[in-house]
Structure formats: C-alpha cells, structure tokens
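Here is target-v3.csv, consisting of CSV, C-alpha atoms:
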chain,number,residue,atom,x,y,z
Z,1,MET,CA,-5.0,10.3,-22.3
Z,2,SER,CA,-3.0,8.3,-19.8
Z,3,THR,CA,-0.9,5.2,-20.4
Z,4,THR,CA,-1.6,1.9,-18.7
Z,5,PHE,CA,0.2,-1.3,-19.2
Z,6,GLN,CA,-1.5,-4.5,-20.1
Z,7,LEU,CA,-0.1,-8.0,-20.3
Z,8,ASP,CA,0.4,-9.1,-23.9
Z,9,THR,CA,-0.2,-12.9,-23.6
Z,10,ALA,CA,1.6,-13.5,-27.0
Z,11,THR,CA,4.9,-12.1,-25.7
Z,12,SER,CA,4.4,-12.2,-21.9
Z,13,ARG,CA,5.6,-8.6,-21.9
Z,14,ALA,CA,3.9,-5.5,-20.7
Z,15,ASN,CA,3.1,-3.1,-23.6
Z,16,PRO,CA,1.7,0.4,-23.2
Z,17,THR,CA,-2.0,0.8,-24.2
Z,18,PRO,CA,-3.7,4.2,-24.2
Z,19,ALA,CA,-6.6,4.4,-21.8
Z,20,PRO,CA,-8.9,7.3,-21.0
Z,21,MET,CA,-7.8,9.3,-17.9
Z,22,LYS,CA,-10.1,8.1,-15.2
Z,23,ARG,CA,-7.7,8.2,-12.3
Z,24,LEU,CA,-9.1,9.3,-8.9
Z,25,THR,CA,-7.5,12.4,-7.5
Z,26,ILE,CA,-6.5,13.2,-3.9
Z,27,PRO,CA,-9.1,16.0,-3.6
Z,28,ALA,CA,-11.8,13.5,-4.7
Z,29,ILE,CA,-10.6,11.0,-2.0
Z,30,ARG,CA,-10.6,13.8,0.6
Z,31,GLN,CA,-14.1,14.9,-0.3
Z,32,ARG,CA,-15.5,11.5,0.4
Z,33,LYS,CA,-15.8,12.7,4.0
Z,34,LEU,CA,-18.3,15.5,4.3
Z,35,ASP,CA,-19.4,16.9,7.7
Z,36,GLY,CA,-17.8,13.9,9.4
Z,37,VAL,CA,-19.6,11.3,7.3
Z,38,THR,CA,-18.2,9.1,4.6
Z,39,ALA,CA,-21.2,7.7,2.7
Z,40,GLU,CA,-19.0,5.5,0.4
Z,41,PRO,CA,-16.1,3.8,2.3
Z,42,ILE,CA,-12.7,4.1,0.8
Z,43,VAL,CA,-11.1,0.9,-0.5
Z,44,MET,CA,-7.4,0.6,-0.3
Z,45,LEU,CA,-5.0,-2.3,-0.9
Z,46,THR,CA,-1.2,-2.6,-1.2
Z,47,ALA,CA,0.5,-3.2,-4.6
Z,48,TYR,CA,4.1,-3.7,-5.4
Z,49,THR,CA,4.2,-4.7,-9.1
Z,50,ALA,CA,2.6,-3.6,-12.4
Z,51,ARG,CA,0.7,-6.9,-12.8
Z,52,GLN,CA,-0.6,-6.8,-9.3
Z,53,ALA,CA,-1.8,-3.2,-9.9
Z,54,GLN,CA,-3.6,-4.2,-13.0
Z,55,LEU,CA,-5.6,-6.8,-11.1
Z,56,LEU,CA,-6.5,-4.6,-8.2
Z,57,ASP,CA,-6.9,-1.3,-9.9
Z,58,ALA,CA,-10.6,-1.5,-11.0
Z,59,HIS,CA,-11.7,-2.4,-7.5
Z,60,CYS,CA,-9.8,0.1,-5.4
Z,61,ASP,CA,-9.8,3.8,-4.7
Z,62,LEU,CA,-6.3,3.9,-3.4
Z,63,LEU,CA,-3.3,1.6,-4.1
Z,64,LEU,CA,-0.5,1.9,-1.5
Z,65,VAL,CA,3.0,1.0,-2.4
Z,66,GLY,CA,3.8,0.1,1.2
Z,67,ASP,CA,7.1,-0.3,2.8
Z,68,SER,CA,5.8,-3.7,3.8
Z,69,LEU,CA,7.4,-4.8,0.5
Z,70,GLY,CA,10.5,-5.2,2.7
Z,71,GLN,CA,8.9,-8.3,4.2
Z,72,VAL,CA,6.6,-9.3,1.4
Z,73,ILE,CA,8.9,-8.9,-1.6
Z,74,TYR,CA,12.4,-8.9,-0.1
Z,75,GLY,CA,12.1,-11.2,2.9
Z,76,LEU,CA,13.5,-8.6,5.3
Z,77,PRO,CA,12.7,-8.9,9.0
Z,78,SER,CA,10.9,-5.5,9.1
Z,79,SER,CA,10.3,-2.4,7.0
Z,80,VAL,CA,13.2,-0.5,8.6
Z,81,PRO,CA,15.9,-1.6,6.0
Z,82,VAL,CA,13.7,-0.5,3.0
Z,83,THR,CA,15.3,2.2,0.8
Z,84,LEU,CA,14.1,5.1,-1.2
Z,85,ASP,CA,15.4,3.3,-4.4
Z,86,MET,CA,13.2,0.3,-3.6
Z,87,MET,CA,10.1,2.5,-3.1
Z,88,ALA,CA,10.8,4.4,-6.3
Z,89,ALA,CA,11.2,1.3,-8.4
Z,90,HIS,CA,8.1,-0.4,-7.2
Z,91,GLY,CA,6.1,2.8,-7.1
Z,92,ALA,CA,6.8,3.4,-10.8
Z,93,ALA,CA,5.7,-0.1,-11.6
Z,94,VAL,CA,2.4,0.3,-9.8
Z,95,VAL,CA,1.7,3.6,-11.5
Z,96,ARG,CA,2.4,2.0,-14.9
Z,97,GLY,CA,0.0,-0.8,-14.1
Z,98,SER,CA,-2.9,1.3,-13.0
Z,99,TYR,CA,-5.1,4.1,-14.4
Z,100,HIS,CA,-8.1,4.3,-12.0
Z,101,SER,CA,-6.8,4.3,-8.4
Z,102,ALA,CA,-4.8,7.1,-6.9
Z,103,VAL,CA,-1.4,5.6,-6.0
Z,104,LEU,CA,0.4,6.5,-2.8
Z,105,VAL,CA,4.0,5.6,-1.9
Z,106,ASP,CA,5.3,5.0,1.6
Z,107,MET,CA,8.2,7.2,2.7
Z,108,PRO,CA,10.8,4.7,4.1
Z,109,PHE,CA,12.4,4.9,7.5
Z,110,GLY,CA,15.2,7.5,7.6
Z,111,THR,CA,14.1,9.5,4.6
Z,112,TYR,CA,11.9,12.1,6.2
Z,113,GLU,CA,12.3,12.3,10.0
Z,114,ALA,CA,15.4,14.5,10.2
Z,115,SER,CA,13.7,17.7,8.9
Z,116,PRO,CA,10.9,19.0,6.7
Z,117,GLN,CA,13.6,19.8,4.1
Z,118,GLN,CA,14.8,16.2,4.0
Z,119,ALA,CA,11.2,15.0,3.7
Z,120,PHE,CA,10.6,17.3,0.8
Z,121,GLU,CA,13.6,16.1,-1.1
Z,122,SER,CA,12.6,12.4,-0.6
Z,123,ALA,CA,8.9,13.0,-1.4
Z,124,ALA,CA,9.7,15.1,-4.5
Z,125,ARG,CA,11.9,12.3,-5.8
Z,126,LEU,CA,9.2,9.8,-5.3
Z,127,LEU,CA,6.6,11.9,-7.1
Z,128,LYS,CA,9.1,12.6,-10.0
Z,129,ASP,CA,10.3,9.0,-10.3
Z,130,THR,CA,7.0,7.3,-10.0
Z,131,GLY,CA,4.2,9.6,-11.0
Z,132,CYS,CA,2.4,8.8,-7.8
Z,133,ALA,CA,-0.4,11.0,-6.4
Z,134,GLY,CA,1.0,11.4,-2.9
Z,135,VAL,CA,3.1,9.9,-0.1
Z,136,LYS,CA,2.4,8.4,3.3
Z,137,LEU,CA,4.5,8.8,6.4
Z,138,GLU,CA,4.4,7.5,9.9
Z,139,GLY,CA,4.2,9.5,13.1
Z,140,GLY,CA,1.8,11.9,14.9
Z,141,ALA,CA,2.3,15.4,16.3
Z,142,ALA,CA,6.1,15.1,15.8
Z,143,MET,CA,5.5,15.0,12.0
Z,144,ALA,CA,2.8,17.7,11.8
Z,145,GLU,CA,5.3,20.4,10.8
Z,146,THR,CA,6.6,18.1,8.1
Z,147,VAL,CA,3.1,17.4,6.8
Z,148,ALA,CA,2.3,21.1,6.7
Z,149,PHE,CA,5.7,21.8,4.9
Z,150,LEU,CA,5.0,19.2,2.2
Z,151,THR,CA,1.3,20.0,1.6
Z,152,ALA,CA,2.2,23.7,1.3
Z,153,ARG,CA,4.6,22.8,-1.5
Z,154,GLY,CA,2.2,20.6,-3.5
Z,155,ILE,CA,2.8,17.2,-2.1
Z,156,PRO,CA,-0.3,15.4,-0.7
Z,157,VAL,CA,0.4,13.5,2.5
Z,158,MET,CA,-1.4,10.7,4.2
Z,159,GLY,CA,-0.5,10.2,7.9
Z,160,HIS,CA,-0.3,7.0,10.0
Z,161,VAL,CA,-1.0,6.7,13.7
Z,162,GLY,CA,-1.4,4.0,16.3
Z,163,LEU,CA,0.9,1.0,15.5
Z,164,THR,CA,3.6,2.4,13.4
Z,165,PRO,CA,5.8,-0.5,12.0
Z,166,GLN,CA,8.8,1.7,11.3
Z,167,ALA,CA,9.0,2.3,15.1
Z,168,VAL,CA,9.0,-1.4,15.9
Z,169,ASN,CA,12.3,-1.2,17.7
Z,170,VAL,CA,10.9,1.5,20.1
Z,171,LEU,CA,7.5,-0.2,20.5
Z,172,GLY,CA,9.0,-3.6,21.1
Z,173,GLY,CA,6.8,-5.4,18.7
Z,174,TYR,CA,3.6,-5.3,16.6
Z,175,ASN,CA,1.2,-5.3,19.5
Z,176,ALA,CA,-2.0,-3.3,19.6
Z,177,ARG,CA,-1.6,0.3,20.8
Z,178,GLY,CA,-3.7,2.5,23.0
Z,179,ARG,CA,-4.4,0.1,25.9
Z,180,SER,CA,-3.6,2.7,28.5
Z,181,GLN,CA,-5.6,6.0,28.7
Z,182,ALA,CA,-2.5,8.1,28.2
Z,183,GLU,CA,-1.5,6.3,25.1
Z,184,ALA,CA,-5.1,6.4,23.8
Z,185,ASP,CA,-5.2,10.2,24.4
Z,186,LYS,CA,-1.9,10.6,22.5
Z,187,ILE,CA,-3.1,8.7,19.5
Z,188,VAL,CA,-6.2,10.9,19.2
Z,189,ALA,CA,-4.1,14.0,19.7
Z,190,ASP,CA,-1.6,12.8,17.1
Z,191,ALA,CA,-4.4,12.3,14.5
Z,192,ARG,CA,-5.8,15.8,15.2
Z,193,ALA,CA,-2.3,17.3,14.7
Z,194,LEU,CA,-1.9,15.6,11.4
Z,195,ASP,CA,-5.4,16.7,10.3
Z,196,ASP,CA,-4.7,20.3,11.3
Z,197,ALA,CA,-1.4,20.1,9.4
Z,198,GLY,CA,-3.2,19.3,6.1
Z,199,ALA,CA,-3.0,15.5,5.8
Z,200,PHE,CA,-5.7,14.4,3.3
Z,201,GLY,CA,-6.1,11.0,5.1
Z,202,ILE,CA,-4.8,9.1,8.1
Z,203,VAL,CA,-4.1,5.4,8.4
Z,204,VAL,CA,-5.2,4.1,11.9
Z,205,GLU,CA,-3.4,0.8,12.6
Z,206,GLY,CA,-3.5,-1.7,15.4
Z,207,VAL,CA,-5.6,0.1,17.9
Z,208,VAL,CA,-8.6,-1.0,20.0
Z,209,GLU,CA,-11.9,-0.1,18.4
Z,210,PRO,CA,-13.0,2.7,20.7
Z,211,ILE,CA,-9.8,4.6,19.8
Z,212,ALA,CA,-10.3,4.2,16.1
Z,213,ILE,CA,-13.8,5.5,16.4
Z,214,ALA,CA,-12.7,8.4,18.5
Z,215,VAL,CA,-10.0,9.3,15.9
Z,216,THR,CA,-12.5,9.1,13.1
Z,217,LYS,CA,-14.9,11.4,14.9
Z,218,ALA,CA,-12.1,13.8,15.9
Z,219,VAL,CA,-10.6,14.5,12.4
Z,220,LYS,CA,-12.1,16.1,9.3
Z,221,CYS,CA,-10.1,14.0,6.9
Z,222,PRO,CA,-10.9,10.3,6.1
Z,223,THR,CA,-9.4,7.6,8.3
Z,224,ILE,CA,-8.3,4.3,6.8
Z,225,GLY,CA,-8.4,1.4,9.3
Z,226,ILE,CA,-6.1,-1.6,9.5
Z,227,GLY,CA,-6.7,-3.8,12.5
Z,228,ALA,CA,-8.8,-0.9,13.9
Z,229,SER,CA,-12.5,-0.6,13.4
Z,230,ALA,CA,-15.1,-1.1,10.6
Z,231,GLN,CA,-16.3,2.4,11.5
Z,232,CYS,CA,-13.2,4.0,10.0
Z,233,ASP,CA,-13.9,5.9,6.7
Z,234,GLY,CA,-12.1,3.1,4.7
Z,235,GLN,CA,-10.0,0.0,5.1
Z,236,VAL,CA,-6.6,-1.2,3.9
Z,237,LEU,CA,-4.9,-4.6,4.0
Z,238,VAL,CA,-1.6,-6.0,2.7
Z,239,THR,CA,-2.8,-7.8,-0.4
Z,240,GLU,CA,-0.6,-10.8,0.1
Z,241,ASP,CA,-2.2,-11.3,3.6
Z,242,MET,CA,-5.7,-10.9,2.2
Z,243,LEU,CA,-5.0,-13.5,-0.5
Z,244,GLY,CA,-3.4,-16.0,1.8
Z,245,MET,CA,0.1,-15.9,0.4
Z,246,PHE,CA,1.6,-16.5,3.8
Z,247,GLU,CA,0.9,-19.2,6.4
Z,248,ARG,CA,0.9,-16.6,9.3
Z,249,VAL,CA,-1.1,-13.4,9.0
Z,250,PRO,CA,-2.2,-10.9,11.6
Z,251,ARG,CA,-5.3,-11.9,13.6
Z,252,PHE,CA,-7.3,-9.0,12.2
Z,253,VAL,CA,-6.8,-10.1,8.6
Z,254,LYS,CA,-9.6,-11.9,6.8
Z,255,ARG,CA,-8.1,-14.3,4.2
Z,256,TYR,CA,-10.3,-14.2,1.1
Z,257,GLU,CA,-8.3,-16.9,-0.8
Z,258,ALA,CA,-5.6,-19.5,-0.2
Z,259,ILE,CA,-3.3,-18.5,-3.1
Z,260,ALA,CA,-0.2,-20.0,-1.5
Z,261,GLU,CA,-1.7,-23.5,-1.7
Z,262,THR,CA,-2.8,-22.8,-5.3
Z,263,ILE,CA,0.7,-21.8,-6.3
Z,264,SER,CA,2.4,-24.6,-4.4
Z,265,GLY,CA,0.0,-27.2,-5.9
Z,266,ALA,CA,0.5,-26.0,-9.4
Z,267,ALA,CA,4.3,-26.1,-9.0
Z,268,GLU,CA,4.0,-29.6,-7.6
Z,269,ARG,CA,2.0,-30.9,-10.6
Z,270,TYR,CA,4.4,-29.2,-13.0
Z,271,ALA,CA,7.4,-30.8,-11.2
Z,272,ALA,CA,5.8,-34.2,-11.3
Z,273,GLU,CA,5.2,-33.9,-15.1
Z,274,VAL,CA,8.7,-32.8,-15.8
Z,275,ARG,CA,10.3,-35.6,-13.8
Z,276,ALA,CA,8.0,-38.1,-15.5
Z,277,ARG,CA,8.9,-36.7,-18.9
Z,278,SER,CA,5.2,-36.2,-19.5
Z,279,PHE,CA,5.4,-32.5,-19.7
Z,280,PRO,CA,2.8,-31.5,-22.3
Z,281,GLY,CA,3.9,-29.5,-25.3
Z,282,VAL,CA,7.6,-30.6,-25.2
Z,283,GLU,CA,7.1,-32.3,-28.6
Z,284,GLN,CA,6.2,-28.9,-30.0
Z,285,THR,CA,9.8,-27.7,-29.9
Z,286,TYR,CA,10.8,-24.5,-31.6
Z,287,GLN,CA,11.5,-24.8,-35.3
Z,288,PRO,CA,13.4,-22.0,-36.9
Z,289,ARG,CA,11.8,-20.6,-40.0

Mind turning this structure into structure tokens?
Amino acid sequence: MSTTFQLDTATSRANPTPAPMKRLTIPAIRQRKLDGVTAEPIVMLTAYTARQAQLLDAHCDLLLVGDSLGQVIYGLPSSVPVTLDMMAAHGAAVVRGSYHSAVLVDMPFGTYEASPQQAFESAARLLKDTGCAGVKLEGGAAMAETVAFLTARGIPVMGHVGLTPQAVNVLGGYNARGRSQAEADKIVADARALDDAGAFGIVVEGVVEPIAIAVTKAVKCPTIGIGASAQCDGQVLVTEDMLGMFERVPRFVKRYEAIAETISGAAERYAAEVRARSFPGVEQTYQPR
C-alpha cells in the first residue's frame, strides 16, 4: 500500500488516504521505447504542490517538479537562484499528492556541476527527502560522467539538452538552439553521450524540429520534447503555461484554458460582494456550542 493525500472538503486540510500501489516505475517508462519506437507517447507535466499533483496525476506518466518553480511560484527572474531546499520541499509535496505518476525532481543550478560526488550528495538528499523516483539535470557530454556515476549508484537520471534554462547567462536568453550546423551536431552528440551514460530519458527543449527528430532517432532512451517536435517520444509543458496562468507564454505553448481570467474574475466578484456587504453566508456566523 502507498499513501496519497486527498483534500478533505470538511476541513480544507490534506489527510492521508491509503491507495493501492499503482505508481509507474522508471524502468516501465524507459521500456516505452523499444527498437527505436514509442507506441504510446509519454505524458509529462510540471507540478509544484500536493493539490496540483492530485489533479494531474491520473492523466500523466511523469510529474516533473521543475526548477521553473523559481519563476512560477517564487517570482524569480530565472531558475538560477532556486535552492535544494526549495526543490526538496516542493518535491515532497508532489509525491504526497500523487500515487500513479513517477515523480522527478530537477537538480537546481550549482548542486551537481562541480563533481559527480557533489551530484550524488544532492540527488541522494532529494530522493531521501521527497521519495521521488529520480532526478533531472541539465547539460550534455559534460554531464555524462555524472549521469553514469549516479545511475551506477541507484539514482535514475533524466538528461536535458538543447535550450538549458540554467545556462541562460551563457546562452544570452531563451532563444531556440541548433540554428548553426555546429550547434546542431553538438546537441545530437550531447544526447548520445547522455544515452550512453545511462540516462533513462532526455528532455529536448527549444530546438528546431529536424534536430529533435535526429536526437530521437539517435538515442535508445525516450526523448521528451518541449518546444521541439511532436515526433519526440513524449511531451512536457509547464502546467501554468498550459493552463493560461500567465499573460505571456512561450510561442510553442498551446493554452488549453484561461485560468488566470477565471481566478481574477472570481476574486473581482468576491470583492464586489464584500464591499457591498452582500457577501452570502455572513449571517451564518459561528456559534459556540
């Protein structure tokens, strides 16, 4: 039995409720791609809270606790300032709120690049503190030794090539990568290096479609596209972008809802009722027993 957390509407608190263990495993995700073909594409979304995980869990194969929480949750200018403490806290919440999806947690900038040993200490903490299934880190061939080091010690790793947001200061922005032949060749080579090192999957972000297709064909593990190609083995989006929580979203994002307007409209109606002293239910004030 595993433990999932469901919202108790009577108390507005999350209470543990036993649920059968149905969580997908990393080997099951890896095995979706056989002989270069993924018959059932992999569905992945970001999640940062227990309640968000509850709502997304049944529909996803992977939930990513992305370091994008720096911008989405904390209002930071990039993911660079995100800390291991932030990732551990939000990762634990998402694991508590799910029981079906495999949960991955991003390794934040500065917690894995120095050495494989540093990466192991950071990743081991995330697995211990959150109960997640694995970690994701950015970088290509330069991180291959680290990926091999972690996987050999029981830590599943998803790689990330193409546009790597943690390197925004080097890249000079969030522009699509691979427009030159040299850069395109490097992205494919980076993906091969991660695959050979034992990564169970690779996020391919912000590259022109031919490169995403080339990467997908070049590696044995599944590729997860974001602003890449529908021909990747799966797709991921930042959930808040997909739901329309922000006015500006990347050009490649399809907005499935306009949740920002819904929330703002509800708050506007609530404020109007309070200011008009017509707030329903105020006459039903609490009466002590």

Counting all atoms listed in the file, what is within 12 Å of stretch 191-195 of chain Z, bar same-chain residues fewer than 2 positions away, as a count of residues only? 51

Using only C-alpha atoms, give me every residue within 7 Å of (-3.7, 11.5, -3.9) in file coordinates, as a ChimeraX atom specification. /Z:25-26,102-104,133-134,156

So the first atom is atom CA of Z:Gly206 and the second is atom CA of Z:Lys254; what is the distance between them in Å, to one decimal place?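 Atom CA of Z:Lys254 lies 14.7 Å from atom CA of Z:Gly206.
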
Using only C-alpha atoms, which of Z:Val95, Z:Gly75, Z:Glu209, Z:Ile29 sits nearest Z:Gly131?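 So, comparing all the options, the nearest one is Z:Val95.
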
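If you look at atom CA of Z:Val94 and atom CA of Z:Tyr48, they are 6.2 Å away from each other.
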
Under the rule that all atoms listed in the file are counted, which of Z:Val72, Z:Arg32, Z:Ser115, Z:Val105 is the nearest residue to Z:Glu240? Z:Val72
